[in-house]
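Trainee: Just one file: coords.pdb, with PDB, C-alpha atoms, pLDDT in the B column.
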ATOM      1  CA  GLN T   1     -19.130  17.406  26.144  1.00 89.00           C
ATOM      2  CA  VAL T   2     -16.539  19.901  24.992  1.00 92.00           C
ATOM      3  CA  GLN T   3     -17.278  21.630  21.702  1.00 96.00           C
ATOM      4  CA  LEU T   4     -15.162  24.157  19.860  1.00 97.00           C
ATOM      5  CA  VAL T   5     -16.773  25.642  16.769  1.00 96.00           C
ATOM      6  CA  GLU T   6     -14.659  27.786  14.445  1.00 96.00           C
ATOM      7  CA  SER T   7     -15.957  30.261  11.919  1.00 96.00           C
ATOM      8  CA  GLY T   8     -14.669  33.086   9.770  1.00 97.00           C
ATOM      9  CA  GLY T   9     -12.388  31.316   7.322  1.00 96.00           C
ATOM     10  CA  GLY T  10     -12.515  31.911   3.607  1.00 97.00           C
ATOM     11  CA  LEU T  11     -10.709  33.134   0.522  1.00 98.00           C
ATOM     12  CA  VAL T  12      -8.916  36.467   0.618  1.00 98.00           C
ATOM     13  CA  GLN T  13      -6.334  38.246  -1.502  1.00 98.00           C
ATOM     14  CA  ALA T  14      -2.817  38.825  -0.226  1.00 98.00           C
ATOM     15  CA  GLY T  15      -2.745  41.880   1.999  1.00 98.00           C
ATOM     16  CA  GLY T  16      -6.304  41.350   3.124  1.00 98.00           C
ATOM     17  CA  SER T  17      -7.744  40.531   6.524  1.00 98.00           C
ATOM     18  CA  LEU T  18      -9.894  37.881   8.137  1.00 98.00           C
ATOM     19  CA  ARG T  19     -11.152  37.342  11.668  1.00 98.00           C
ATOM     20  CA  LEU T  20     -11.583  33.825  12.961  1.00 98.00           C
ATOM     21  CA  SER T  21     -13.889  33.048  15.873  1.00 98.00           C
ATOM     22  CA  CYS T  22     -14.093  29.990  18.083  1.00 98.00           C
ATOM     23  CA  ALA T  23     -17.096  29.466  20.323  1.00 97.00           C
ATOM     24  CA  ALA T  24     -16.494  27.072  23.197  1.00 97.00           C
ATOM     25  CA  SER T  25     -18.914  25.050  25.288  1.00 94.00           C
ATOM     26  CA  GLY T  26     -18.549  22.309  27.875  1.00 90.00           C
ATOM     27  CA  ILE T  27     -15.530  23.930  29.563  1.00 87.00           C
ATOM     28  CA  ILE T  28     -14.984  26.666  32.126  1.00 88.00           C
ATOM     29  CA  PHE T  29     -13.743  28.909  29.378  1.00 91.00           C
ATOM     30  CA  SER T  30     -12.257  31.683  31.505  1.00 88.00           C
ATOM     31  CA  ARG T  31      -9.905  29.298  33.277  1.00 92.00           C
ATOM     32  CA  ASN T  32      -8.295  27.795  30.210  1.00 95.00           C
ATOM     33  CA  THR T  33      -5.552  28.661  27.794  1.00 97.00           C
ATOM     34  CA  MET T  34      -6.914  28.928  24.278  1.00 97.00           C
ATOM     35  CA  GLY T  35      -4.960  28.732  21.088  1.00 98.00           C
ATOM     36  CA  TRP T  36      -5.037  28.765  17.319  1.00 98.00           C
ATOM     37  CA  TYR T  37      -3.040  26.280  15.296  1.00 98.00           C
ATOM     38  CA  ARG T  38      -2.767  25.713  11.575  1.00 98.00           C
ATOM     39  CA  GLN T  39      -1.894  22.836   9.302  1.00 98.00           C
ATOM     40  CA  VAL T  40      -1.134  22.371   5.640  1.00 98.00           C
ATOM     41  CA  PRO T  41      -1.153  18.978   3.932  1.00 94.00           C
ATOM     42  CA  GLY T  42       2.011  17.010   4.566  1.00 95.00           C
ATOM     43  CA  LYS T  43       3.155  19.196   7.449  1.00 96.00           C
ATOM     44  CA  GLN T  44       2.729  19.094  11.203  1.00 97.00           C
ATOM     45  CA  ARG T  45       0.159  21.226  12.902  1.00 97.00           C
ATOM     46  CA  GLU T  46       1.841  24.374  14.219  1.00 98.00           C
ATOM     47  CA  LEU T  47       0.999  26.898  16.892  1.00 98.00           C
ATOM     48  CA  VAL T  48      -0.085  30.276  15.550  1.00 98.00           C
ATOM     49  CA  ALA T  49      -1.079  32.089  18.740  1.00 98.00           C
ATOM     50  CA  ARG T  50      -2.078  31.352  22.310  1.00 98.00           C
ATOM     51  CA  ILE T  51      -3.754  33.297  25.082  1.00 98.00           C
ATOM     52  CA  THR T  52      -3.788  32.307  28.745  1.00 97.00           C
ATOM     53  CA  SER T  53      -6.588  32.757  31.244  1.00 95.00           C
ATOM     54  CA  SER T  54      -4.882  35.932  32.462  1.00 96.00           C
ATOM     55  CA  GLY T  55      -4.626  37.331  28.947  1.00 96.00           C
ATOM     56  CA  SER T  56      -0.945  36.729  28.265  1.00 98.00           C
ATOM     57  CA  THR T  57      -0.260  35.992  24.630  1.00 98.00           C
ATOM     58  CA  ASN T  58       2.415  34.470  22.486  1.00 97.00           C
ATOM     59  CA  TYR T  59       2.747  34.163  18.722  1.00 98.00           C
ATOM     60  CA  ALA T  60       4.640  32.252  16.106  1.00 98.00           C
ATOM     61  CA  ASP T  61       7.433  34.404  14.697  1.00 98.00           C
ATOM     62  CA  SER T  62       5.875  34.189  11.241  1.00 98.00           C
ATOM     63  CA  VAL T  63       2.699  36.013  12.351  1.00 98.00           C
ATOM     64  CA  LYS T  64       4.017  38.521  14.903  1.00 98.00           C
ATOM     65  CA  GLY T  65       2.854  42.020  14.111  1.00 98.00           C
ATOM     66  CA  ARG T  66       0.147  40.755  11.742  1.00 98.00           C
ATOM     67  CA  PHE T  67      -2.107  38.512  13.847  1.00 98.00           C
ATOM     68  CA  THR T  68      -3.797  39.284  17.159  1.00 98.00           C
ATOM     69  CA  ILE T  69      -5.430  36.762  19.462  1.00 98.00           C
ATOM     70  CA  SER T  70      -8.073  37.889  21.935  1.00 98.00           C
ATOM     71  CA  ARG T  71     -10.782  36.397  24.097  1.00 98.00           C
ATOM     72  CA  ASP T  72     -14.214  37.371  25.370  1.00 97.00           C
ATOM     73  CA  ASN T  73     -14.911  35.345  28.489  1.00 96.00           C
ATOM     74  CA  GLY T  74     -18.484  36.599  28.610  1.00 96.00           C
ATOM     75  CA  LYS T  75     -19.126  35.004  25.205  1.00 97.00           C
ATOM     76  CA  ASN T  76     -16.866  31.959  25.683  1.00 97.00           C
ATOM     77  CA  THR T  77     -15.189  32.944  22.429  1.00 98.00           C
ATOM     78  CA  VAL T  78     -11.611  33.348  21.266  1.00 98.00           C
ATOM     79  CA  TYR T  79     -10.707  35.358  18.182  1.00 98.00           C
ATOM     80  CA  LEU T  80      -7.827  35.556  15.765  1.00 98.00           C
ATOM     81  CA  GLN T  81      -7.577  38.802  13.831  1.00 98.00           C
ATOM     82  CA  MET T  82      -5.375  38.231  10.802  1.00 98.00           C
ATOM     83  CA  ASN T  83      -4.096  41.259   8.888  1.00 98.00           C
ATOM     84  CA  ASN T  84      -1.742  41.619   5.949  1.00 98.00           C
ATOM     85  CA  LEU T  85      -2.332  38.008   5.008  1.00 98.00           C
ATOM     86  CA  LYS T  86       0.214  36.235   2.846  1.00 98.00           C
ATOM     87  CA  PRO T  87      -0.141  33.192   0.578  1.00 98.00           C
ATOM     88  CA  GLU T  88       1.958  31.211   3.049  1.00 97.00           C
ATOM     89  CA  ASP T  89      -0.771  31.728   5.661  1.00 98.00           C
ATOM     90  CA  THR T  90      -2.981  29.385   3.631  1.00 98.00           C
ATOM     91  CA  ALA T  91      -3.921  26.466   5.888  1.00 98.00           C
ATOM     92  CA  VAL T  92      -6.670  24.884   7.908  1.00 98.00           C
ATOM     93  CA  TYR T  93      -6.879  26.769  11.185  1.00 98.00           C
ATOM     94  CA  TYR T  94      -7.860  24.920  14.346  1.00 98.00           C
ATOM     95  CA  CYS T  95      -9.058  26.226  17.669  1.00 97.00           C
ATOM     96  CA  ASN T  96      -7.567  24.562  20.729  1.00 97.00           C
ATOM     97  CA  ALA T  97      -8.465  24.474  24.402  1.00 96.00           C
ATOM     98  CA  PHE T  98      -5.821  23.410  26.895  1.00 94.00           C
ATOM     99  CA  THR T  99      -7.630  22.172  30.017  1.00 91.00           C
ATOM    100  CA  LEU T 100      -6.904  20.056  33.065  1.00 89.00           C
ATOM    101  CA  SER T 101      -8.915  17.310  31.361  1.00 88.00           C
ATOM    102  CA  GLY T 102      -6.766  17.411  28.259  1.00 91.00           C
ATOM    103  CA  MET T 103      -6.532  19.220  24.941  1.00 94.00           C
ATOM    104  CA  PHE T 104      -9.559  19.698  22.741  1.00 96.00           C
ATOM    105  CA  TRP T 105      -9.799  20.710  19.103  1.00 97.00           C
ATOM    106  CA  GLY T 106     -12.320  22.260  16.795  1.00 97.00           C
ATOM    107  CA  GLN T 107     -13.117  20.891  13.372  1.00 97.00           C
ATOM    108  CA  GLY T 108     -10.995  23.474  11.584  1.00 97.00           C
ATOM    109  CA  THR T 109     -11.717  26.284   9.158  1.00 97.00           C
ATOM    110  CA  GLN T 110      -9.982  26.785   5.813  1.00 98.00           C
ATOM    111  CA  VAL T 111      -8.115  30.009   5.137  1.00 98.00           C
ATOM    112  CA  THR T 112      -6.896  30.528   1.594  1.00 98.00           C
ATOM    113  CA  VAL T 113      -4.818  33.542   0.602  1.00 98.00           C
ATOM    114  CA  SER T 114      -4.407  34.176  -3.117  1.00 98.00           C
ATOM    115  CA  SER T 115      -1.424  36.026  -4.533  1.00 94.00           C
TER     116      SER T 115
END
Translate this structure into structure tokens?
Mentor:
Amino acid sequence: QVQLVESGGGLVQAGGSLRLSCAASGIIFSRNTMGWYRQVPGKQRELVARITSSGSTNYADSVKGRFTISRDNGKNTVYLQMNNLKPEDTAVYYCNAFTLSGMFWGQGTQVTVSS
């Protein structure tokens, strides 16, 4: 079955950095668009960044210039490098795989940015 396992979340001060990782199994990783979403209580889950199988990327306006999504097809892993973090980046971050069989989600990892 499809599994997406996130890691790398935690507590960081404003201006700091974190790198999230998502290891995928059960899919042909290199063929799929991968993404990172985030959600805070009471709000809808929102797209943070996405990377296609060809390496094209797109970002939410709120993270452009601060976050970078990348993928390593040899390791079946997608990354989200987050720099210059702000308190408003605090959320649960979810890994997403967009496949022909449907969308799959990881369990989420908490990112907390203190001011």
Trainee: If you apply the PyMOL selection byres ((chain T and resi 100) around 12) to this file, what residues do you get, as a VMD selection string?
Mentor: chain T and resid 27 to 29 31 to 33 97 to 99 101 to 104
Trainee: Excluding T:Asn58 and residues on its chain fewer than 5 positions from it, collect all residues at most 8 Å away from it, counting only C-alpha atoms, and give them as a PyMOL selection string.
Mentor: chain T and resi 49-51
Trainee: Using only C-alpha atoms, can you tell me which of T:Gln81, T:Gln44, T:Ser54, T:Thr109 comes closest to T:Ser7?
Mentor: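 For T:Ser7, the nearest of the given residues is T:Thr109.
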Trainee: Would you list the contacts of stretch 14-24 of chain T as a ChimeraX atom specification, taking every protein, DNA or RNA residue within 10 Å and counting only C-alpha atoms, but skipping same-chain residues closer than 4 positions in sequence?
Mentor: /T:2-10,28-29,34-36,66-73,75-89,93-97,106,108-109,111-115
Trainee: Atom CA of T:Val92 and atom CA of T:Gln39 are how many Å apart?
Mentor: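 So the answer is 5.4 Å.
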Trainee: Do you have the atom CA of T:Gly26-atom CA of T:Arg38 distance handy?
Mentor: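 Separation between atom CA of T:Gly26 and atom CA of T:Arg38: 22.9 Å.
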Trainee: At what distance in Å, to one decimal, does atom CA of T:Gly74 lie from atom CA of T:Gly55?
Mentor: 13.9 Å
Trainee: Compare T:Tyr37, T:Ser25, T:Trp105, T:Tyr59 by their minimum atom-to-atom distance to T:Gln1, counting all atoms listed in the file, and give me the closest one.
Mentor: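 Between T:Tyr37, T:Ser25, T:Trp105, T:Tyr59, the residue approaching T:Gln1 most closely is T:Ser25.
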Trainee: Around stretch 81-87 of chain T, fit a box with edges along x, y and z, padding it by 4 Å on each side, then list its centre and edge lengths in Å to one decimal as AutoDock Vina command-line options.
Mentor:
--center_x -3.7 --center_y 37.4 --center_z 7.2 --size_x 15.8 --size_y 16.4 --size_z 21.3
